[in-house]
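Source file final.pdb; content: PDB, C-alpha atoms.
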```pdb
ATOM      1  CA  MET X 200     112.732  88.733 115.922
ATOM      2  CA  ASP X 201     110.466  85.919 117.077
ATOM      3  CA  LYS X 202     106.754  86.496 116.580
ATOM      4  CA  ARG X 203     103.843  84.100 116.938
ATOM      5  CA  TYR X 204     102.315  85.022 113.581
ATOM      6  CA  TYR X 205     103.716  86.209 110.290
ATOM      7  CA  LEU X 206     100.498  88.069 109.352
ATOM      8  CA  ALA X 207      97.619  89.167 111.568
ATOM      9  CA  ALA X 208      94.852  91.750 111.203
ATOM     10  CA  THR X 209      93.059  94.235 113.413
ATOM     11  CA  ALA X 210      89.653  95.851 112.941
ATOM     12  CA  VAL X 211      86.941  97.720 114.807
ATOM     13  CA  PHE X 212      83.336  96.714 114.209
ATOM     14  CA  GLN X 213      79.916  97.975 115.233
ATOM     15  CA  ASN X 214      76.729  96.058 114.367
ATOM     16  CA  GLU X 215      78.358  94.104 111.530
ATOM     17  CA  ALA X 216      77.297  90.575 112.567
ATOM     18  CA  PRO X 217      75.879  89.465 109.159
ATOM     19  CA  TYR X 218      79.161  90.292 107.422
ATOM     20  CA  LEU X 219      81.827  89.082 109.839
ATOM     21  CA  ARG X 220      82.124  85.424 108.797
ATOM     22  CA  GLU X 221      82.621  86.210 105.108
ATOM     23  CA  TRP X 222      85.192  88.850 106.030
ATOM     24  CA  LEU X 223      87.069  86.528 108.406
ATOM     25  CA  GLU X 224      87.071  83.507 106.107
ATOM     26  CA  TYR X 225      88.187  85.571 103.139
ATOM     27  CA  HIS X 226      91.165  86.983 105.000
ATOM     28  CA  ARG X 227      92.064  83.553 106.359
ATOM     29  CA  LEU X 228      91.965  82.337 102.755
ATOM     30  CA  VAL X 229      94.516  84.974 101.692
ATOM     31  CA  GLY X 230      96.859  84.205 104.561
ATOM     32  CA  VAL X 231      95.845  86.128 107.683
ATOM     33  CA  GLU X 232      96.625  83.843 110.628
ATOM     34  CA  HIS X 233      95.071  85.755 113.523
ATOM     35  CA  PHE X 234      92.664  88.632 114.213
ATOM     36  CA  TYR X 235      92.620  91.255 116.959
ATOM     37  CA  LEU X 236      89.017  92.479 116.847
ATOM     38  CA  TYR X 237      87.434  95.318 118.789
ATOM     39  CA  ASN X 238      83.701  95.473 119.423
ATOM     40  CA  ASN X 239      82.628  99.106 119.561
ATOM     41  CA  LEU X 240      79.180  99.291 121.187
ATOM     42  CA  SER X 241      77.488  96.659 119.016
ATOM     43  CA  THR X 242      73.897  95.772 119.871
ATOM     44  CA  ASP X 243      73.499  92.882 117.416
ATOM     45  CA  ASP X 244      74.358  89.202 117.890
ATOM     46  CA  TYR X 245      78.003  89.468 116.850
ATOM     47  CA  MET X 246      79.026  86.584 119.119
ATOM     48  CA  SER X 247      77.077  84.126 116.972
ATOM     49  CA  ALA X 248      79.481  84.974 114.158
ATOM     50  CA  LEU X 249      82.654  85.097 116.250
ATOM     51  CA  GLN X 250      82.363  82.453 118.972
ATOM     52  CA  SER X 251      83.739  79.541 116.939
ATOM     53  CA  TYR X 252      86.719  81.626 115.788
ATOM     54  CA  ILE X 253      87.430  82.623 119.381
ATOM     55  CA  ASP X 254      87.151  79.016 120.548
ATOM     56  CA  GLU X 255      89.545  77.859 117.826
ATOM     57  CA  GLY X 256      92.083  80.568 118.661
ATOM     58  CA  TYR X 257      91.785  82.629 115.483
ATOM     59  CA  VAL X 258      90.242  85.716 117.116
ATOM     60  CA  ASP X 259      91.105  87.744 120.188
ATOM     61  CA  LEU X 260      88.055  89.894 120.980
ATOM     62  CA  TYR X 261      88.107  93.092 123.024
ATOM     63  CA  ASP X 262      85.329  95.484 124.002
ATOM     64  CA  TRP X 263      85.927  99.190 123.469
ATOM     65  CA  PRO X 264      82.842 100.901 124.916
ATOM     66  CA  LEU X 265      83.652 104.469 123.884
ATOM     67  CA  GLY X 266      81.814 106.156 121.037
ATOM     68  CA  SER X 267      80.517 109.439 119.712
ATOM     69  CA  THR X 268      78.227 110.785 117.003
ATOM     70  CA  ASP X 269      80.799 113.560 116.518
ATOM     71  CA  VAL X 270      83.309 112.405 113.907
ATOM     72  CA  ALA X 271      85.933 114.730 115.381
ATOM     73  CA  ILE X 272      85.660 112.774 118.633
ATOM     74  CA  TYR X 273      85.178 109.317 117.116
ATOM     75  CA  GLY X 274      88.319 109.616 114.984
ATOM     76  CA  PRO X 275      90.686 109.750 117.984
ATOM     77  CA  ILE X 276      88.765 106.870 119.611
ATOM     78  CA  GLN X 277      89.452 104.722 116.549
ATOM     79  CA  LEU X 278      93.137 105.650 116.578
ATOM     80  CA  ASP X 279      93.381 104.733 120.265
ATOM     81  CA  ILE X 280      92.036 101.291 119.376
ATOM     82  CA  TYR X 281      94.755 100.834 116.764
ATOM     83  CA  ARG X 282      97.408 101.925 119.242
ATOM     84  CA  ASP X 283      96.113  99.320 121.654
ATOM     85  CA  ALA X 284      96.207  96.692 118.912
ATOM     86  CA  PHE X 285      99.857  97.468 118.189
ATOM     87  CA  THR X 286     100.734  96.653 121.804
ATOM     88  CA  LYS X 287      98.929  93.299 121.544
ATOM     89  CA  ALA X 288      99.923  92.241 118.038
ATOM     90  CA  ASP X 289     102.396  89.352 118.221
ATOM     91  CA  CYS X 290     103.143  89.359 114.502
ATOM     92  CA  HIS X 291     105.621  90.501 111.884
ATOM     93  CA  TRP X 292     102.953  92.229 109.792
ATOM     94  CA  LEU X 293      99.551  93.629 110.814
ATOM     95  CA  VAL X 294      96.727  94.501 108.411
ATOM     96  CA  ILE X 295      94.783  97.588 109.529
ATOM     97  CA  LEU X 296      91.292  97.545 108.086
ATOM     98  CA  ASP X 297      87.536  97.755 108.629
ATOM     99  CA  SER X 298      85.009  94.952 108.281
ATOM    100  CA  ASP X 299      83.846  96.323 104.915
ATOM    101  CA  GLU X 300      87.386  96.237 103.493
ATOM    102  CA  PHE X 301      88.992  93.257 101.756
ATOM    103  CA  PHE X 302      92.732  93.230 101.001
ATOM    104  CA  VAL X 303      93.300  91.621  97.591
ATOM    105  CA  PRO X 304      96.693  90.413  96.303
ATOM    106  CA  ASN X 305      96.636  90.863  92.534
ATOM    107  CA  GLN X 306      99.850  89.062  91.541
ATOM    108  CA  HIS X 307      99.933  86.445  94.279
ATOM    109  CA  ASP X 308      97.527  83.979  95.838
ATOM    110  CA  THR X 309      98.107  85.225  99.387
ATOM    111  CA  LEU X 310      99.140  88.376 101.198
ATOM    112  CA  PRO X 311     102.191  86.689 102.797
ATOM    113  CA  GLU X 312     103.503  85.931  99.294
ATOM    114  CA  LEU X 313     103.199  89.641  98.529
ATOM    115  CA  LEU X 314     104.899  90.623 101.785
ATOM    116  CA  HIS X 315     107.805  88.184 101.479
ATOM    117  CA  ALA X 316     109.314  90.534  98.892
ATOM    118  CA  PHE X 317     109.965  92.955 101.760
ATOM    119  CA  ASP X 318     111.333  90.502 104.322
ATOM    120  CA  ASN X 319     114.900  91.580 103.544
ATOM    121  CA  GLN X 320     114.085  95.296 103.435
ATOM    122  CA  PRO X 321     114.152  96.262 107.130
ATOM    123  CA  ASP X 322     113.744  99.973 106.357
ATOM    124  CA  ILE X 323     110.152  99.384 105.189
ATOM    125  CA  GLY X 324     107.650  99.613 108.021
ATOM    126  CA  GLY X 325     104.417  99.740 106.053
ATOM    127  CA  ILE X 326     102.967  98.638 102.723
ATOM    128  CA  VAL X 327     100.332 101.018 101.351
ATOM    129  CA  LEU X 328      97.672  99.737  98.930
ATOM    130  CA  PRO X 329      95.001 101.741  97.056
ATOM    131  CA  TRP X 330      91.298 101.649  97.789
ATOM    132  CA  VAL X 331      88.741 100.559  95.210
ATOM    133  CA  PHE X 332      85.229 101.580  96.284
ATOM    134  CA  PHE X 333      82.439  99.130  95.442
ATOM    135  CA  GLY X 334      78.814 100.276  95.201
ATOM    136  CA  THR X 335      75.492  98.555  95.785
ATOM    137  CA  SER X 336      75.382  97.239  92.195
ATOM    138  CA  ASP X 337      71.673  98.142  92.516
ATOM    139  CA  VAL X 338      71.176  95.020  94.648
ATOM    140  CA  ALA X 339      68.299  95.503  97.083
ATOM    141  CA  LYS X 340      69.604  92.901  99.528
ATOM    142  CA  ILE X 341      72.371  90.339  99.167
ATOM    143  CA  PRO X 342      70.732  86.873  98.975
ATOM    144  CA  ASP X 343      71.412  84.548 101.880
ATOM    145  CA  ASP X 344      73.063  82.016  99.568
ATOM    146  CA  GLN X 345      75.455  84.496  97.958
ATOM    147  CA  LEU X 346      78.642  86.188  99.080
ATOM    148  CA  MET X 347      78.845  89.936  99.236
ATOM    149  CA  ILE X 348      82.023  89.900  97.151
ATOM    150  CA  GLU X 349      80.422  87.862  94.335
ATOM    151  CA  THR X 350      77.248  89.973  94.314
ATOM    152  CA  LEU X 351      78.558  93.540  94.477
ATOM    153  CA  LEU X 352      80.652  94.090  91.345
ATOM    154  CA  ASN X 353      80.085  97.719  90.351
ATOM    155  CA  ASN X 354      82.909  99.981  91.449
ATOM    156  CA  GLY X 355      84.425 103.404  91.041
ATOM    157  CA  GLY X 356      87.893 102.258  90.044
ATOM    158  CA  VAL X 357      91.148 103.000  91.822
ATOM    159  CA  GLU X 358      90.626 106.126  93.877
ATOM    160  CA  TRP X 359      94.147 107.528  93.701
ATOM    161  CA  LYS X 360      95.592 108.350  90.291
ATOM    162  CA  GLY X 361      97.952 111.191  91.219
ATOM    163  CA  PRO X 362     101.713 111.262  91.763
ATOM    164  CA  ARG X 363     102.973 108.371  93.848
ATOM    165  CA  HIS X 364     104.757 110.605  96.356
ATOM    166  CA  GLU X 365     101.506 112.426  97.184
ATOM    167  CA  VAL X 366      99.400 109.367  97.981
ATOM    168  CA  LEU X 367      99.976 109.628 101.742
ATOM    169  CA  ASN X 368      98.357 113.075 101.667
ATOM    170  CA  THR X 369      95.051 111.434 100.740
ATOM    171  CA  ALA X 370      92.654 109.036 102.463
ATOM    172  CA  PHE X 371      92.446 106.689  99.478
ATOM    173  CA  HIS X 372      94.558 103.836 100.831
ATOM    174  CA  LYS X 373      95.043 101.354 103.660
ATOM    175  CA  SER X 374      98.148  99.716 105.092
ATOM    176  CA  ILE X 375      99.870  96.588 106.300
ATOM    177  CA  VAL X 376     102.483  97.527 108.898
ATOM    178  CA  ARG X 377     105.226  96.120 111.054
ATOM    179  CA  PRO X 378     103.551  97.115 114.336
ATOM    180  CA  TYR X 379     106.724  97.093 116.420
ATOM    181  CA  LEU X 380     108.172  99.864 114.200
ATOM    182  CA  VAL X 381     105.188 102.236 114.480
ATOM    183  CA  SER X 382     105.842 105.515 116.285
ATOM    184  CA  HIS X 383     102.604 107.395 115.586
ATOM    185  CA  VAL X 384      99.146 106.763 114.120
ATOM    186  CA  PRO X 385      98.047 109.995 112.398
ATOM    187  CA  ASN X 386      94.952 108.486 110.744
ATOM    188  CA  PRO X 387      93.333 105.094 109.992
ATOM    189  CA  HIS X 388      95.067 104.854 106.613
ATOM    190  CA  HIS X 389      98.790 104.730 107.319
ATOM    191  CA  CYS X 390     101.293 105.013 110.160
ATOM    192  CA  ASP X 391     104.450 106.929 110.945
ATOM    193  CA  PHE X 392     107.506 104.977 112.004
ATOM    194  CA  ILE X 393     110.651 105.266 114.087
ATOM    195  CA  PRO X 394     113.562 107.132 112.413
ATOM    196  CA  GLY X 395     114.921 105.432 109.318
ATOM    197  CA  ILE X 396     111.720 103.464 108.634
ATOM    198  CA  ARG X 397     109.321 104.351 105.828
ATOM    199  CA  ASN X 398     106.117 103.446 104.012
ATOM    200  CA  HIS X 399     106.296 101.731 100.627
ATOM    201  CA  ILE X 400     103.486 102.501  98.186
ATOM    202  CA  LEU X 401     102.216  99.733  95.906
ATOM    203  CA  TRP X 402     100.058 100.409  92.887
ATOM    204  CA  SER X 403      96.974  98.371  92.080
ATOM    205  CA  GLU X 404      98.778  95.981  89.754
ATOM    206  CA  PHE X 405     100.206  94.422  92.923
ATOM    207  CA  GLY X 406      97.199  94.684  95.222
ATOM    208  CA  GLN X 407      94.128  96.664  96.194
ATOM    209  CA  VAL X 408      91.742  97.167  99.077
ATOM    210  CA  ASN X 409      88.144  96.532  98.040
ATOM    211  CA  HIS X 410      85.998  98.870 100.118
ATOM    212  CA  TYR X 411      82.341  97.809 100.149
ATOM    213  CA  TRP X 412      81.353 101.117 101.672
ATOM    214  CA  THR X 413      77.640 100.990 100.838
ATOM    215  CA  ARG X 414      77.191  97.213 100.842
ATOM    216  CA  ASP X 415      73.697  96.642  99.379
ATOM    217  CA  GLU X 416      70.788  99.085  99.044
ATOM    218  CA  TYR X 417      69.264  97.912 102.326
ATOM    219  CA  TYR X 418      72.478  98.584 104.221
ATOM    220  CA  LEU X 419      72.989 101.925 102.485
ATOM    221  CA  TYR X 420      69.589 103.299 103.478
ATOM    222  CA  ASN X 421      69.180 101.658 106.874
ATOM    223  CA  TYR X 422      72.708 101.871 108.257
ATOM    224  CA  LYS X 423      75.176 103.927 106.225
ATOM    225  CA  ILE X 424      73.029 107.009 105.634
ATOM    226  CA  PRO X 425      71.777 107.254 109.255
ATOM    227  CA  ARG X 426      75.324 106.796 110.561
ATOM    228  CA  ARG X 427      76.727 109.488 108.294
ATOM    229  CA  GLU X 428      73.839 111.818 109.139
ATOM    230  CA  ASN X 429      74.766 111.436 112.807
ATOM    231  CA  TRP X 430      78.233 112.592 111.795
ATOM    232  CA  GLY X 431      76.828 115.633 110.011
ATOM    233  CA  THR X 432      76.860 114.433 106.393
ATOM    234  CA  SER X 433      73.632 115.040 104.464
ATOM    235  CA  THR X 434      71.747 112.237 102.719
ATOM    236  CA  SER X 435      72.272 113.886  99.331
ATOM    237  CA  ILE X 436      76.041 113.901  99.771
ATOM    238  CA  VAL X 437      76.076 110.246 100.843
ATOM    239  CA  LEU X 438      73.993 109.319  97.794
ATOM    240  CA  ASP X 439      76.380 111.257  95.542
ATOM    241  CA  TRP X 440      79.271 109.319  97.027
ATOM    242  CA  ALA X 441      77.374 106.050  96.565
ATOM    243  CA  ALA X 442      76.679 106.846  92.901
ATOM    244  CA  SER X 443      80.358 107.594  92.266
ATOM    245  CA  MET X 444      81.317 104.029  93.191
ATOM    246  CA  ASN X 445      78.514 102.208  91.374
ATOM    247  CA  PHE X 446      79.708 101.968  87.758
ATOM    248  CA  ALA X 447      79.351  98.681  85.887
ATOM    249  CA  THR X 448      82.849  97.586  84.881
ATOM    250  CA  ASP X 449      84.950  94.530  84.176
ATOM    251  CA  PHE X 450      87.930  96.089  85.947
ATOM    252  CA  HIS X 451      89.244  95.603  89.501
ATOM    253  CA  LEU X 452      87.427  92.282  89.950
ATOM    254  CA  SER X 453      90.435  90.111  90.792
ATOM    255  CA  ILE X 454      88.813  89.075  94.086
ATOM    256  CA  GLN X 455      86.400  86.901  92.077
ATOM    257  CA  ARG X 456      89.014  84.152  91.765
ATOM    258  CA  PHE X 457      88.614  83.497  95.498
ATOM    259  CA  VAL X 458      84.823  83.065  95.330
ATOM    260  CA  PRO X 459      84.610  79.264  94.789
ATOM    261  CA  GLU X 460      86.860  78.414  97.739
ATOM    262  CA  LEU X 461      85.234  81.037  99.954
ATOM    263  CA  ARG X 462      81.756  79.698  99.166
ATOM    264  CA  SER X 463      82.983  76.230 100.087
ATOM    265  CA  ARG X 464      84.461  77.417 103.382
ATOM    266  CA  LEU X 465      81.195  79.105 104.298
ATOM    267  CA  GLY X 466      79.128  76.030 103.459
ATOM    268  CA  PHE X 467      77.560  77.375 100.264
ATOM    269  CA  ASP X 468      77.175  75.232  97.171
ATOM    270  CA  THR X 469      80.125  76.026  94.923
ATOM    271  CA  LYS X 470      79.456  77.700  91.614
TER     272      LYS X 470
END
```
Please express the file's structure as structure tokens.
Amino acid sequence: MDKRYYLAATAVFQNEAPYLREWLEYHRLVGVEHFYLYNNLSTDDYMSALQSYIDEGYVDLYDWPLGSTDVAIYGPIQLDIYRDAFTKADCHWLVILDSDEFFVPNQHDTLPELLHAFDNQPDIGGIVLPWVFFGTSDVAKIPDDQLMIETLLNNGGVEWKGPRHEVLNTAFHKSIVRPYLVSHVPNPHHCDFIPGIRNHILWSEFGQVNHYWTRDEYYLYNYKIPRRENWGTSTSIVLDWAASMNFATDFHLSIQRFVPELRSRLGFDTK
């Protein structure tokens, strides 16, 4: 089956302008060739981050002007965006993620190298990888001359530690899918497929999805907490969640090997 790209990605963003270039360049570094991005009611200067990528053909940008402060309504809006992306995605594999999520191959240098193991397994429609939540690391604000991924190191470890066959019953994962085999999108975490096609679950020794849910302290208090309060989650609960992902650890830091090249690509002095 001829496709323009081997690996592409799709994401929805809202007021994420300061973080988009690092996110895009990182995923280009690990092998994502193209991005189908959806602007959802942003009021910041996101085009300053995206225009060059659009001009160079790396990003297709779409506006999706529907939103809600009711999470029960917003959830279906997000799933409709993914369904739209599947109709546009001219690729063999599509990463489904948010702009605070970074897919990390742990045994390979790129995601395509990881995916090539499944090229001759046509019954696999999706690869499921576990989340690792990263906290603020008690950083007030990420310095302008530092990457988010090199600054925020504290994390809560791999979120799913139960039986492998039960992982799809949780929300602690994200997926890379063959979009042309998707039959249904039940949630943002994995897809259902046409008959005879299945998900394949990978444990963290192969890869992980770093989820910088809180970003730094400034983002946590000025963006994350107000957004979750609009969705009906109290500040105390959000802070409990934030604390649970903010443990100092030497584990799950494999993304650090990409820092020197990513700093170079973004015009920072290499460390």
Which residues are near stretch 287-299 of chain X? Cut-off 6 Å, all atoms listed in the file, ignore same chain within fewer than 4 positions. Put them as a compact mmCIF listing (two decimals) with C-alpha atoms, in the coordinates of the input.
```
# COMPACT_ATOMS: atom_id res chain seq x y z
CA LYS X 202 106.75 86.50 116.58
CA ARG X 203 103.84 84.10 116.94
CA TYR X 204 102.32 85.02 113.58
CA TYR X 205 103.72 86.21 110.29
CA LEU X 206 100.50 88.07 109.35
CA ALA X 207 97.62 89.17 111.57
CA ALA X 208 94.85 91.75 111.20
CA THR X 209 93.06 94.24 113.41
CA ALA X 210 89.65 95.85 112.94
CA SER X 374 98.15 99.72 105.09
CA ILE X 375 99.87 96.59 106.30
CA VAL X 376 102.48 97.53 108.90
CA ARG X 377 105.23 96.12 111.05
CA HIS X 410 86.00 98.87 100.12
CA TYR X 411 82.34 97.81 100.15
```
* Using all atoms listed in the file, determine which residues lie at most 8 Å from stretch 428-431 of chain X, disregarding the query and same-chain residues fewer than 6 positions distant; provide the list as a list in words. => Thr268, Asp269 and Val270 of chain X
Residues of the last selection are to be written out with C-alpha atoms, as a tab-separated table (two decimals), in the frame of the given file.
```
chain	number	residue	atom	x	y	z
X	268	THR	CA	78.23	110.78	117.00
X	269	ASP	CA	80.80	113.56	116.52
X	270	VAL	CA	83.31	112.40	113.91
```
* To do: Write out as a list in words each polymer residue whose atoms come within 10 Å of X:Phe405, counting all atoms listed in the file; drop sequence neighbours fewer than 5 positions from it.
  => Val303, Pro304, Asn305, Gln306, His307, Leu313, Leu328 and Pro329 of chain X
* So which residues touch X:Phe392 within 10 Å, counting only C-alpha atoms, skipping near sequence neighbours fewer than 2 positions away, as a ChimeraX atom specification? -> /X:322-325,376-384,389-390,394-398
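Interatomic distance, atom CA of X:Ala442 against atom CA of X:Gly355: 8.7 Å.
Nearest residue to X:Asn368 among X:Asn239, X:Gln345, X:Gln213, X:Asn386 is X:Asn386, counting only C-alpha atoms.
Closest approach to X:Pro385 among X:Pro264, X:Met200, X:Leu278, X:Met246 is made by X:Leu278 (distances from all atoms listed in the file).
Pairwise distance (atom CA of X:Gln407, atom CA of X:Tyr273) equals 26.0 Å.
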Could you state which residues are captured by the PyMOL selection byres ((chain X and resi 366) around 12) in this file, as an mmCIF file with C-alpha atoms, in the coordinates of the input?
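Listed below is the output, out-v3.cif:
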```cif
data_model
loop_
_atom_site.group_PDB
_atom_site.id
_atom_site.type_symbol
_atom_site.label_atom_id
_atom_site.label_comp_id
_atom_site.auth_asym_id
_atom_site.auth_seq_id
_atom_site.Cartn_x
_atom_site.Cartn_y
_atom_site.Cartn_z
ATOM 1 C CA VAL X 327 100.332 101.018 101.351
ATOM 2 C CA LEU X 328 97.672 99.737 98.930
ATOM 3 C CA PRO X 329 95.001 101.741 97.056
ATOM 4 C CA TRP X 330 91.298 101.649 97.789
ATOM 5 C CA GLU X 358 90.626 106.126 93.877
ATOM 6 C CA TRP X 359 94.147 107.528 93.701
ATOM 7 C CA LYS X 360 95.592 108.350 90.291
ATOM 8 C CA GLY X 361 97.952 111.191 91.219
ATOM 9 C CA PRO X 362 101.713 111.262 91.763
ATOM 10 C CA ARG X 363 102.973 108.371 93.848
ATOM 11 C CA HIS X 364 104.757 110.605 96.356
ATOM 12 C CA GLU X 365 101.506 112.426 97.184
ATOM 13 C CA LEU X 367 99.976 109.628 101.742
ATOM 14 C CA ASN X 368 98.357 113.075 101.667
ATOM 15 C CA THR X 369 95.051 111.434 100.740
ATOM 16 C CA ALA X 370 92.654 109.036 102.463
ATOM 17 C CA PHE X 371 92.446 106.689 99.478
ATOM 18 C CA HIS X 372 94.558 103.836 100.831
ATOM 19 C CA LYS X 373 95.043 101.354 103.660
ATOM 20 C CA HIS X 388 95.067 104.854 106.613
ATOM 21 C CA HIS X 389 98.790 104.730 107.319
ATOM 22 C CA ASN X 398 106.117 103.446 104.012
ATOM 23 C CA HIS X 399 106.296 101.731 100.627
ATOM 24 C CA ILE X 400 103.486 102.501 98.186
ATOM 25 C CA LEU X 401 102.216 99.733 95.906
ATOM 26 C CA TRP X 402 100.058 100.409 92.887
#
```
* Pick from X:Ile326, X:Leu260, X:Leu452, X:Leu465 nearest to X:Phe212, counting all atoms listed in the file -> X:Leu260
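Comparing the minimum interatomic distances between X:Leu249 and each of X:Gly466, X:Gly274, X:Pro217, X:Pro311, counting only C-alpha atoms, we find that X:Pro217 sits nearest.
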File output for stretch 400-426 of chain X (N, CA and C atoms) as a PDB file, in the first residue's frame:
```pdb
ATOM      1  N   ILE X 400       0.684  -4.567  22.795  1.00  0.00           N
ATOM      2  CA  ILE X 400       1.125  -3.796  23.957  1.00  0.00           C
ATOM      3  C   ILE X 400       2.625  -3.985  24.161  1.00  0.00           C
ATOM      4  N   LEU X 401       3.351  -2.876  24.234  1.00  0.00           N
ATOM      5  CA  LEU X 401       4.781  -2.904  24.514  1.00  0.00           C
ATOM      6  C   LEU X 401       5.040  -2.381  25.921  1.00  0.00           C
ATOM      7  N   TRP X 402       5.920  -3.042  26.630  1.00  0.00           N
ATOM      8  CA  TRP X 402       6.297  -2.570  27.952  1.00  0.00           C
ATOM      9  C   TRP X 402       7.396  -1.521  27.838  1.00  0.00           C
ATOM     10  N   SER X 403       7.696  -0.878  28.942  1.00  0.00           N
ATOM     11  CA  SER X 403       8.567   0.299  28.916  1.00  0.00           C
ATOM     12  C   SER X 403      10.007  -0.016  28.539  1.00  0.00           C
ATOM     13  N   GLU X 404      10.415  -1.279  28.577  1.00  0.00           N
ATOM     14  CA  GLU X 404      11.775  -1.561  28.123  1.00  0.00           C
ATOM     15  C   GLU X 404      11.943  -1.264  26.632  1.00  0.00           C
ATOM     16  N   PHE X 405      10.842  -1.254  25.900  1.00  0.00           N
ATOM     17  CA  PHE X 405      10.891  -0.952  24.468  1.00  0.00           C
ATOM     18  C   PHE X 405      10.621   0.526  24.171  1.00  0.00           C
ATOM     19  N   GLY X 406       9.748   1.141  24.941  1.00  0.00           N
ATOM     20  CA  GLY X 406       9.417   2.537  24.700  1.00  0.00           C
ATOM     21  C   GLY X 406       8.484   3.063  25.766  1.00  0.00           C
ATOM     22  N   GLN X 407       8.328   4.374  25.804  1.00  0.00           N
ATOM     23  CA  GLN X 407       7.458   5.007  26.787  1.00  0.00           C
ATOM     24  C   GLN X 407       6.975   6.327  26.222  1.00  0.00           C
ATOM     25  N   VAL X 408       5.920   6.842  26.832  1.00  0.00           N
ATOM     26  CA  VAL X 408       5.390   8.150  26.457  1.00  0.00           C
ATOM     27  C   VAL X 408       5.581   9.076  27.649  1.00  0.00           C
ATOM     28  N   ASN X 409       6.547   9.974  27.561  1.00  0.00           N
ATOM     29  CA  ASN X 409       6.753  10.952  28.629  1.00  0.00           C
ATOM     30  C   ASN X 409       5.637  11.983  28.576  1.00  0.00           C
ATOM     31  N   HIS X 410       4.905  12.096  29.675  1.00  0.00           N
ATOM     32  CA  HIS X 410       3.762  13.010  29.729  1.00  0.00           C
ATOM     33  C   HIS X 410       4.094  14.126  30.719  1.00  0.00           C
ATOM     34  N   TYR X 411       4.427  15.295  30.176  1.00  0.00           N
ATOM     35  CA  TYR X 411       4.783  16.450  31.005  1.00  0.00           C
ATOM     36  C   TYR X 411       3.504  17.210  31.345  1.00  0.00           C
ATOM     37  N   TRP X 412       2.698  16.568  32.157  1.00  0.00           N
ATOM     38  CA  TRP X 412       1.324  16.998  32.410  1.00  0.00           C
ATOM     39  C   TRP X 412       1.266  18.346  33.110  1.00  0.00           C
ATOM     40  N   THR X 413       2.182  18.580  34.039  1.00  0.00           N
ATOM     41  CA  THR X 413       2.173  19.840  34.797  1.00  0.00           C
ATOM     42  C   THR X 413       3.087  20.896  34.189  1.00  0.00           C
ATOM     43  N   ARG X 414       4.013  20.456  33.323  1.00  0.00           N
ATOM     44  CA  ARG X 414       5.116  21.316  32.893  1.00  0.00           C
ATOM     45  C   ARG X 414       5.761  21.939  34.141  1.00  0.00           C
ATOM     46  N   ASP X 415       6.045  23.246  34.141  1.00  0.00           N
ATOM     47  CA  ASP X 415       6.692  23.826  35.320  1.00  0.00           C
ATOM     48  C   ASP X 415       5.642  24.380  36.290  1.00  0.00           C
ATOM     49  N   GLU X 416       6.117  24.950  37.405  1.00  0.00           N
ATOM     50  CA  GLU X 416       5.190  25.457  38.423  1.00  0.00           C
ATOM     51  C   GLU X 416       4.323  26.582  37.863  1.00  0.00           C
ATOM     52  N   TYR X 417       4.889  27.428  37.039  1.00  0.00           N
ATOM     53  CA  TYR X 417       4.115  28.521  36.444  1.00  0.00           C
ATOM     54  C   TYR X 417       2.967  27.972  35.614  1.00  0.00           C
ATOM     55  N   TYR X 418       3.251  26.986  34.791  1.00  0.00           N
ATOM     56  CA  TYR X 418       2.204  26.408  33.942  1.00  0.00           C
ATOM     57  C   TYR X 418       1.158  25.693  34.796  1.00  0.00           C
ATOM     58  N   LEU X 419       1.612  24.979  35.809  1.00  0.00           N
ATOM     59  CA  LEU X 419       0.689  24.254  36.680  1.00  0.00           C
ATOM     60  C   LEU X 419      -0.345  25.189  37.292  1.00  0.00           C
ATOM     61  N   TYR X 420       0.116  26.308  37.847  1.00  0.00           N
ATOM     62  CA  TYR X 420      -0.796  27.189  38.582  1.00  0.00           C
ATOM     63  C   TYR X 420      -1.560  28.153  37.681  1.00  0.00           C
ATOM     64  N   ASN X 421      -1.000  28.490  36.541  1.00  0.00           N
ATOM     65  CA  ASN X 421      -1.649  29.487  35.687  1.00  0.00           C
ATOM     66  C   ASN X 421      -2.455  28.893  34.541  1.00  0.00           C
ATOM     67  N   TYR X 422      -2.194  27.635  34.214  1.00  0.00           N
ATOM     68  CA  TYR X 422      -2.900  27.017  33.090  1.00  0.00           C
ATOM     69  C   TYR X 422      -3.573  25.702  33.467  1.00  0.00           C
ATOM     70  N   LYS X 423      -2.807  24.764  34.029  1.00  0.00           N
ATOM     71  CA  LYS X 423      -3.353  23.434  34.277  1.00  0.00           C
ATOM     72  C   LYS X 423      -4.461  23.454  35.320  1.00  0.00           C
ATOM     73  N   ILE X 424      -4.209  24.096  36.464  1.00  0.00           N
ATOM     74  CA  ILE X 424      -5.231  24.118  37.512  1.00  0.00           C
ATOM     75  C   ILE X 424      -6.495  24.839  37.055  1.00  0.00           C
ATOM     76  N   PRO X 425      -6.401  26.047  36.462  1.00  0.00           N
ATOM     77  CA  PRO X 425      -7.634  26.690  35.975  1.00  0.00           C
ATOM     78  C   PRO X 425      -8.381  25.848  34.945  1.00  0.00           C
ATOM     79  N   ARG X 426      -7.650  25.188  34.049  1.00  0.00           N
ATOM     80  CA  ARG X 426      -8.319  24.364  33.039  1.00  0.00           C
ATOM     81  C   ARG X 426      -9.051  23.197  33.683  1.00  0.00           C
TER      82      ARG X 426
END
```
